$ cat coords_23.tsv   # TSV, C-alpha atoms
chain	number	residue	atom	x	y	z
A	1	MET	CA	144.96	170.35	147.74
A	2	ARG	CA	141.26	170.55	147.24
A	3	ILE	CA	139.23	168.01	149.12
A	4	GLY	CA	136.04	167.18	147.31
A	5	PHE	CA	132.98	166.00	149.17
A	6	ASN	CA	130.64	163.58	147.52
A	7	ILE	CA	127.97	161.22	148.67
A	8	MET	CA	130.46	158.48	149.54
A	9	PHE	CA	132.04	160.76	152.15
A	10	PHE	CA	128.70	160.99	153.95
A	11	PHE	CA	128.23	157.23	153.52
A	12	TYR	CA	131.50	156.53	155.35
A	13	VAL	CA	130.67	159.10	158.01
A	14	ALA	CA	127.31	157.35	158.47
A	15	MET	CA	129.02	153.97	158.60
A	16	ILE	CA	131.00	154.95	161.68
A	17	GLY	CA	128.65	157.61	163.01
A	18	ILE	CA	125.51	155.47	163.26
A	19	PRO	CA	127.04	152.91	165.66
A	20	ILE	CA	128.65	155.63	167.74
A	21	GLY	CA	125.39	157.60	167.86
A	22	LEU	CA	123.33	154.56	168.81
A	23	TRP	CA	125.84	153.59	171.48
A	24	LEU	CA	125.88	157.06	173.02
A	25	ILE	CA	122.07	157.21	173.07
A	26	SER	CA	121.95	153.79	174.69
A	27	VAL	CA	124.47	154.39	177.49
A	28	THR	CA	123.00	157.80	178.36
A	29	SER	CA	119.40	156.53	178.36
A	30	GLN	CA	119.19	156.68	182.13
A	31	MET	CA	120.51	160.25	182.28
A	32	PRO	CA	117.58	162.68	181.80
A	33	GLN	CA	119.91	165.68	181.67
A	34	TYR	CA	121.14	164.49	178.25
A	35	HIS	CA	117.69	164.18	176.69
A	36	GLN	CA	118.20	167.04	174.23
A	37	ILE	CA	121.56	165.66	173.13
A	38	ARG	CA	119.93	162.27	172.57
A	39	VAL	CA	117.25	163.88	170.41
A	40	VAL	CA	119.92	165.58	168.27
A	41	LEU	CA	121.93	162.35	168.05
A	42	ALA	CA	118.80	160.43	167.11
A	43	ALA	CA	118.04	162.92	164.33
A	44	LEU	CA	121.60	162.56	163.00
A	45	VAL	CA	121.37	158.77	163.21
A	46	GLY	CA	118.08	158.94	161.31
A	47	ILE	CA	119.54	161.06	158.53
A	48	GLY	CA	122.64	158.88	158.41
A	49	SER	CA	120.56	155.71	158.23
A	50	ILE	CA	118.63	156.99	155.24
A	51	ILE	CA	121.86	157.98	153.45
A	52	TYR	CA	123.36	154.60	154.36
A	53	GLY	CA	120.35	152.74	152.98
A	54	VAL	CA	120.09	154.71	149.75
A	55	VAL	CA	123.81	154.70	148.91
A	56	GLY	CA	124.15	151.08	149.99
A	57	PHE	CA	121.29	150.11	147.69
A	58	LYS	CA	122.94	151.90	144.77
A	59	GLU	CA	126.33	150.40	145.59
A	60	VAL	CA	125.15	146.80	145.92
A	61	PHE	CA	122.12	146.42	143.71
A	62	THR	CA	122.85	148.88	140.91
A	63	HIS	CA	126.61	148.26	140.95
A	64	GLY	CA	128.14	151.63	141.48
A	65	PRO	CA	128.19	154.45	144.00
A	66	GLY	CA	127.17	157.83	142.69
A	67	LYS	CA	126.02	156.48	139.34
B	1	MET	CA	139.55	143.30	120.54
B	2	LYS	CA	137.37	144.42	123.41
B	3	LYS	CA	138.63	143.32	126.80
B	4	VAL	CA	136.23	140.95	128.50
B	5	THR	CA	136.47	140.54	132.26
B	6	PHE	CA	135.42	137.42	134.02
B	7	GLU	CA	134.33	137.46	137.66
B	8	GLN	CA	135.30	133.99	138.77
B	9	ARG	CA	133.46	134.31	142.07
B	10	GLY	CA	130.21	134.67	140.17
B	11	ASN	CA	127.63	137.43	139.95
B	12	GLN	CA	126.72	139.38	143.09
B	13	PHE	CA	123.25	137.86	142.86
B	14	LYS	CA	124.86	134.57	143.84
B	15	ILE	CA	124.74	135.22	147.56
B	16	THR	CA	126.80	132.16	148.53
B	17	ARG	CA	129.77	133.03	146.33
B	18	LEU	CA	132.02	133.90	149.30
B	19	LEU	CA	130.90	131.00	151.48
B	20	GLY	CA	133.48	128.51	150.26
B	21	PHE	CA	136.55	130.53	151.26
B	22	ASP	CA	135.54	133.59	153.27
B	23	LEU	CA	132.93	132.90	155.93
B	24	GLU	CA	133.60	136.25	157.63
B	25	GLY	CA	133.07	138.08	154.35
B	26	PHE	CA	129.90	136.10	153.66
B	27	VAL	CA	128.39	137.00	157.05
B	28	HIS	CA	129.37	140.66	156.59
B	29	MET	CA	127.86	140.74	153.10
B	30	LEU	CA	124.61	139.08	154.19
B	31	PHE	CA	124.05	141.34	157.19
B	32	TYR	CA	124.97	144.40	155.10
B	33	ARG	CA	122.47	143.60	152.36
B	34	VAL	CA	119.64	143.22	154.87
B	35	LEU	CA	120.80	146.30	156.76
B	36	ILE	CA	120.51	148.44	153.62
B	37	PHE	CA	116.73	148.09	153.65
B	38	VAL	CA	116.25	148.06	157.41
B	39	ALA	CA	118.44	151.16	157.84
B	40	PHE	CA	116.33	153.14	155.41
B	41	ILE	CA	113.12	152.16	157.18
B	42	TYR	CA	114.71	152.79	160.58
B	43	GLY	CA	115.90	156.26	159.56
B	44	ALA	CA	112.46	157.17	158.25
B	45	VAL	CA	110.68	155.88	161.37
B	46	LEU	CA	113.17	157.63	163.65
B	47	LEU	CA	112.88	161.00	161.94
B	48	LEU	CA	109.08	160.79	161.69
B	49	SER	CA	108.76	159.79	165.36
B	50	LEU	CA	110.91	162.77	166.38
B	51	SER	CA	108.90	165.21	164.29
B	52	ILE	CA	105.37	164.80	162.96
B	53	TYR	CA	104.42	161.26	164.03
B	54	PRO	CA	105.36	160.77	167.71
B	55	GLN	CA	102.98	157.80	167.76
B	56	LEU	CA	105.69	155.87	165.86
B	57	SER	CA	108.03	156.08	168.86
B	58	GLY	CA	106.83	152.65	170.03
B	59	TYR	CA	108.51	151.10	166.99
B	60	VAL	CA	111.86	152.83	167.53
B	61	LYS	CA	113.25	150.52	170.23
B	62	PRO	CA	112.54	147.20	168.45
B	63	LEU	CA	113.89	148.59	165.19
B	64	THR	CA	116.94	149.92	167.03
B	65	LEU	CA	117.69	146.47	168.41
B	66	VAL	CA	117.34	144.91	164.94
B	67	VAL	CA	119.67	147.53	163.43
B	68	TRP	CA	122.05	146.99	166.34
B	69	VAL	CA	122.40	143.30	165.51
B	70	LEU	CA	122.63	143.86	161.76
B	71	ILE	CA	125.33	146.51	162.05
B	72	THR	CA	127.60	144.33	164.24
B	73	PRO	CA	129.68	142.72	161.43
B	74	GLN	CA	130.06	146.13	159.78
B	75	LEU	CA	131.33	147.60	163.05
B	76	TYR	CA	133.78	144.75	163.56
B	77	GLU	CA	135.15	145.04	160.02
B	78	THR	CA	135.46	148.84	160.30
B	79	PHE	CA	137.53	148.65	163.46
B	80	LYS	CA	139.50	145.74	162.07
B	81	GLY	CA	140.33	147.90	159.07
B	82	MET	CA	141.35	150.72	161.39
B	83	SER	CA	143.68	148.47	163.38
B	84	MET	CA	145.14	147.16	160.13
B	85	MET	CA	145.72	150.72	158.93
B	86	LEU	CA	147.17	151.99	162.21
B	87	SER	CA	149.54	149.03	162.51
B	88	GLY	CA	150.74	149.39	158.93
B	89	GLY	CA	149.31	146.03	157.95
B	90	MET	CA	151.02	144.13	160.78
B	91	VAL	CA	147.80	142.84	162.33
B	92	HIS	CA	144.56	141.39	160.93
B	93	SER	CA	146.09	141.31	157.48
B	94	ARG	CA	146.72	138.39	155.18
B	95	LEU	CA	150.37	139.20	154.56
B	96	SER	CA	152.70	136.26	155.02
B	97	GLU	CA	154.17	135.68	158.47
B	98	GLU	CA	157.71	135.94	157.11
B	99	TYR	CA	156.99	139.36	155.59
B	100	THR	CA	155.30	140.74	158.71
B	101	SER	CA	158.14	139.43	160.85
B	102	MET	CA	160.67	141.27	158.68
B	103	MET	CA	158.57	144.44	158.72
B	104	ARG	CA	158.36	144.32	162.51
B	105	SER	CA	162.12	143.98	162.91
B	106	ARG	CA	162.77	146.69	160.29
B	107	TYR	CA	160.36	149.30	161.65
B	108	LYS	CA	160.54	148.25	165.31
B	109	LYS	CA	156.77	148.06	165.40
B	110	SER	CA	154.90	145.18	166.93
B	111	GLY	CA	151.30	146.28	166.59
B	112	THR	CA	150.29	143.87	169.36
B	113	ALA	CA	147.94	146.36	170.99
B	114	PHE	CA	146.20	146.93	167.65
B	115	VAL	CA	145.07	143.31	167.64
B	116	LEU	CA	142.69	144.16	170.45
B	117	VAL	CA	141.03	147.16	168.75
B	118	PRO	CA	138.17	145.34	166.97
B	119	TYR	CA	137.52	143.08	169.96
B	120	VAL	CA	137.35	145.99	172.40
B	121	ALA	CA	134.97	147.74	170.01
B	122	LEU	CA	132.86	144.58	169.84
B	123	LEU	CA	132.78	144.27	173.64
B	124	LEU	CA	131.67	147.88	174.04
B	125	TRP	CA	129.09	147.32	171.33
B	126	ILE	CA	127.65	144.27	173.09
B	127	PHE	CA	127.60	146.17	176.38
B	128	GLY	CA	125.66	148.96	174.67
B	129	PHE	CA	123.26	146.40	173.21
B	130	ALA	CA	122.52	144.93	176.63
B	131	TYR	CA	121.98	148.46	177.95
B	132	ALA	CA	119.68	149.24	175.01
B	133	ILE	CA	117.56	146.13	175.62
B	134	LEU	CA	117.02	147.17	179.24
B	135	TRP	CA	116.89	150.94	179.14
B	136	TRP	CA	116.82	152.35	175.60
B	137	THR	CA	115.03	155.67	175.39
B	138	ILE	CA	115.50	158.97	173.59
$ encode --input "coords_23.tsv" --output "structure tokens"
Amino acid sequence: MRIGFNIMFFFYVAMIGIPIGLWLISVTSQMPQYHQIRVVLAALVGIGSIIYGVVGFKEVFTHGPGK
Amino acid sequence: MKKVTFEQRGNQFKITRLLGFDLEGFVHMLFYRVLIFVAFIYGAVLLLSLSIYPQLSGYVKPLTLVVWVLITPQLYETFKGMSMMLSGGMVHSRLSEEYTSMMRSRYKKSGTAFVLVPYVALLLWIFGFAYAILWWTI
């Protein structure tokens, strides 16, 4: 069975990944040894947020994902 | 004859169309629509502050807190959907009580613990928010 990846897959990953990423950054804020991990997480959250915003805009305001 | 569909709830531009019967859905929809724009700006500010414009880092924490609040209904609904899925529709669904009772006795599945999933997620989320207000840093 071939699993196809499209933009909606990344949208759903962002939907659950952004809160988890933000939460992990928040609770490890006082741990300097995890600074590099927080930077990576923040970059992923940033990319995910942009995908979330763009796909969400298409889905809500132009009535259709991937169209 | 061409089939014509009629959306009785009204066009999506009518923001209050869910308000009369689905307050939870209305709140989720409202926060989501605002979050769409804020998330895009937040992502751009975050990536720029980590790379070529570190002077933007002062805006990251306030924007993070705004996104944190806006994403709360989405988080709740996501974990509610998960608990619904994991319990086979026994909890947080709108199936009739008689049907869910019969399903529980047939499949020997109560799903009681799954009721707590979205509320535990919400509690952890609020804890993280309080932590972020006090100590957020990358």
$ residues_around --input "coords_23.tsv" --residues "stretch 87-103 of chain B" --least-positions-apart "3" --cutoff "10 Å" --atoms "all atoms listed in the file" --output "JSON list (two decimals) with C-alpha atoms, in the coordinates of the input"
[["chain", "number", "residue", "atom", "x", "y", "z"],
["B", 80, "LYS", "CA", 139.50, 145.74, 162.07],
["B", 81, "GLY", "CA", 140.33, 147.90, 159.07],
["B", 82, "MET", "CA", 141.35, 150.72, 161.39],
["B", 83, "SER", "CA", 143.68, 148.47, 163.38],
["B", 84, "MET", "CA", 145.14, 147.16, 160.13],
["B", 106, "ARG", "CA", 162.77, 146.69, 160.29],
["B", 107, "TYR", "CA", 160.36, 149.30, 161.65],
["B", 108, "LYS", "CA", 160.54, 148.25, 165.31],
["B", 109, "LYS", "CA", 156.77, 148.06, 165.40],
["B", 110, "SER", "CA", 154.90, 145.18, 166.93],
["B", 111, "GLY", "CA", 151.30, 146.28, 166.59],
["B", 112, "THR", "CA", 150.29, 143.87, 169.36],
["B", 113, "ALA", "CA", 147.94, 146.36, 170.99],
["B", 114, "PHE", "CA", 146.20, 146.93, 167.65],
["B", 115, "VAL", "CA", 145.07, 143.31, 167.64],
["B", 116, "LEU", "CA", 142.69, 144.16, 170.45],
["B", 118, "PRO", "CA", 138.17, 145.34, 166.97]]
$ residues_around --input "coords_23.tsv" --residues "A:Ile47" --least-positions-apart "6" --cutoff "9 Å" --atoms "all atoms listed in the file" --output "ChimeraX atom specification"
/A:14 /B:43-44,46-47
$ atom_distance --input "coords_23.tsv" --atom1 "atom CA of B:Phe31" --atom2 "atom CA of A:Gly17"
17.9 Å
$ closest_atom_pairs --input "coords_23.tsv" --of "chain B" --to "chain A" --cutoff "10 Å" --atoms "all atoms listed in the file" --output "JSON lines"
{"residue": "B:Gln12", "atom": "CA", "partner": "A:Val60", "partner_atom": "CA", "distance": 8.1}
{"residue": "B:Phe13", "atom": "CA", "partner": "A:Phe61", "partner_atom": "CA", "distance": 8.7}
{"residue": "B:Met29", "atom": "CA", "partner": "A:Val60", "partner_atom": "CA", "distance": 9.8}
{"residue": "B:Tyr32", "atom": "CA", "partner": "A:Gly56", "partner_atom": "CA", "distance": 8.5}
{"residue": "B:Arg33", "atom": "CA", "partner": "A:Val60", "partner_atom": "CA", "distance": 7.7}
{"residue": "B:Val34", "atom": "CA", "partner": "A:Gly53", "partner_atom": "CA", "distance": 9.7}
{"residue": "B:Leu35", "atom": "CA", "partner": "A:Gly53", "partner_atom": "CA", "distance": 7.5}
{"residue": "B:Ile36", "atom": "CA", "partner": "A:Gly53", "partner_atom": "CA", "distance": 4.4}
{"residue": "B:Phe37", "atom": "CA", "partner": "A:Gly53", "partner_atom": "CA", "distance": 5.9}
{"residue": "B:Val38", "atom": "CA", "partner": "A:Gly53", "partner_atom": "CA", "distance": 7.6}
{"residue": "B:Ala39", "atom": "CA", "partner": "A:Ser49", "partner_atom": "CA", "distance": 5.0}
{"residue": "B:Phe40", "atom": "CA", "partner": "A:Ile50", "partner_atom": "CA", "distance": 4.5}
{"residue": "B:Ile41", "atom": "CA", "partner": "A:Ile50", "partner_atom": "CA", "distance": 7.6}
{"residue": "B:Tyr42", "atom": "CA", "partner": "A:Ser49", "partner_atom": "CA", "distance": 6.9}
{"residue": "B:Gly43", "atom": "CA", "partner": "A:Gly46", "partner_atom": "CA", "distance": 3.9}
{"residue": "B:Ala44", "atom": "CA", "partner": "A:Gly46", "partner_atom": "CA", "distance": 6.6}
{"residue": "B:Val45", "atom": "CA", "partner": "A:Gly46", "partner_atom": "CA", "distance": 8.0}
{"residue": "B:Leu46", "atom": "CA", "partner": "A:Gly46", "partner_atom": "CA", "distance": 5.6}
{"residue": "B:Leu47", "atom": "CA", "partner": "A:Gly46", "partner_atom": "CA", "distance": 5.6}
{"residue": "B:Leu48", "atom": "CA", "partner": "A:Gly46", "partner_atom": "CA", "distance": 9.2}
{"residue": "B:Ser49", "atom": "CA", "partner": "A:Ala43", "partner_atom": "CA", "distance": 9.8}
{"residue": "B:Leu50", "atom": "CA", "partner": "A:Ala43", "partner_atom": "CA", "distance": 7.4}
{"residue": "B:Ser51", "atom": "CA", "partner": "A:Ala43", "partner_atom": "CA", "distance": 9.4}
{"residue": "B:Thr64", "atom": "CA", "partner": "A:Leu22", "partner_atom": "CA", "distance": 8.1}
{"residue": "B:Leu65", "atom": "CA", "partner": "A:Leu22", "partner_atom": "CA", "distance": 9.9}
{"residue": "B:Val67", "atom": "CA", "partner": "A:Pro19", "partner_atom": "CA", "distance": 9.4}
{"residue": "B:Trp68", "atom": "CA", "partner": "A:Pro19", "partner_atom": "CA", "distance": 7.8}
{"residue": "B:Ile71", "atom": "CA", "partner": "A:Pro19", "partner_atom": "CA", "distance": 7.5}
{"residue": "B:Thr72", "atom": "CA", "partner": "A:Pro19", "partner_atom": "CA", "distance": 8.7}
{"residue": "B:Gln74", "atom": "CA", "partner": "A:Met15", "partner_atom": "CA", "distance": 8.0}
{"residue": "B:Leu75", "atom": "CA", "partner": "A:Pro19", "partner_atom": "CA", "distance": 7.3}
{"residue": "B:Thr78", "atom": "CA", "partner": "A:Ile16", "partner_atom": "CA", "distance": 7.7}
{"residue": "B:Phe79", "atom": "CA", "partner": "A:Ile16", "partner_atom": "CA", "distance": 9.2}
{"residue": "B:Leu124", "atom": "CA", "partner": "A:Trp23", "partner_atom": "CA", "distance": 8.6}
{"residue": "B:Trp125", "atom": "CA", "partner": "A:Trp23", "partner_atom": "CA", "distance": 7.1}
{"residue": "B:Ile126", "atom": "CA", "partner": "A:Trp23", "partner_atom": "CA", "distance": 9.6}
{"residue": "B:Phe127", "atom": "CA", "partner": "A:Val27", "partner_atom": "CA", "distance": 8.9}
{"residue": "B:Gly128", "atom": "CA", "partner": "A:Trp23", "partner_atom": "CA", "distance": 5.6}
{"residue": "B:Phe129", "atom": "CA", "partner": "A:Ser26", "partner_atom": "CA", "distance": 7.6}
{"residue": "B:Ala130", "atom": "CA", "partner": "A:Ser26", "partner_atom": "CA", "distance": 9.1}
{"residue": "B:Tyr131", "atom": "CA", "partner": "A:Ser26", "partner_atom": "CA", "distance": 6.2}
{"residue": "B:Ala132", "atom": "CA", "partner": "A:Ser26", "partner_atom": "CA", "distance": 5.1}
{"residue": "B:Ile133", "atom": "CA", "partner": "A:Ser26", "partner_atom": "CA", "distance": 8.9}
{"residue": "B:Leu134", "atom": "CA", "partner": "A:Ser26", "partner_atom": "CA", "distance": 9.4}
{"residue": "B:Trp135", "atom": "CA", "partner": "A:Ser29", "partner_atom": "CA", "distance": 6.2}
{"residue": "B:Trp136", "atom": "CA", "partner": "A:Ser26", "partner_atom": "CA", "distance": 5.4}
{"residue": "B:Thr137", "atom": "CA", "partner": "A:Ser29", "partner_atom": "CA", "distance": 5.4}
{"residue": "B:Ile138", "atom": "CA", "partner": "A:Arg38", "partner_atom": "CA", "distance": 5.6}
$ atom_distance --input "coords_23.tsv" --atom1 "atom CA of B:Met1" --atom2 "atom CA of A:Thr62"
26.9 Å
$ atom_distance --input "coords_23.tsv" --atom1 "atom CA of B:Gly10" --atom2 "atom CA of B:Val27"
17.1 Å
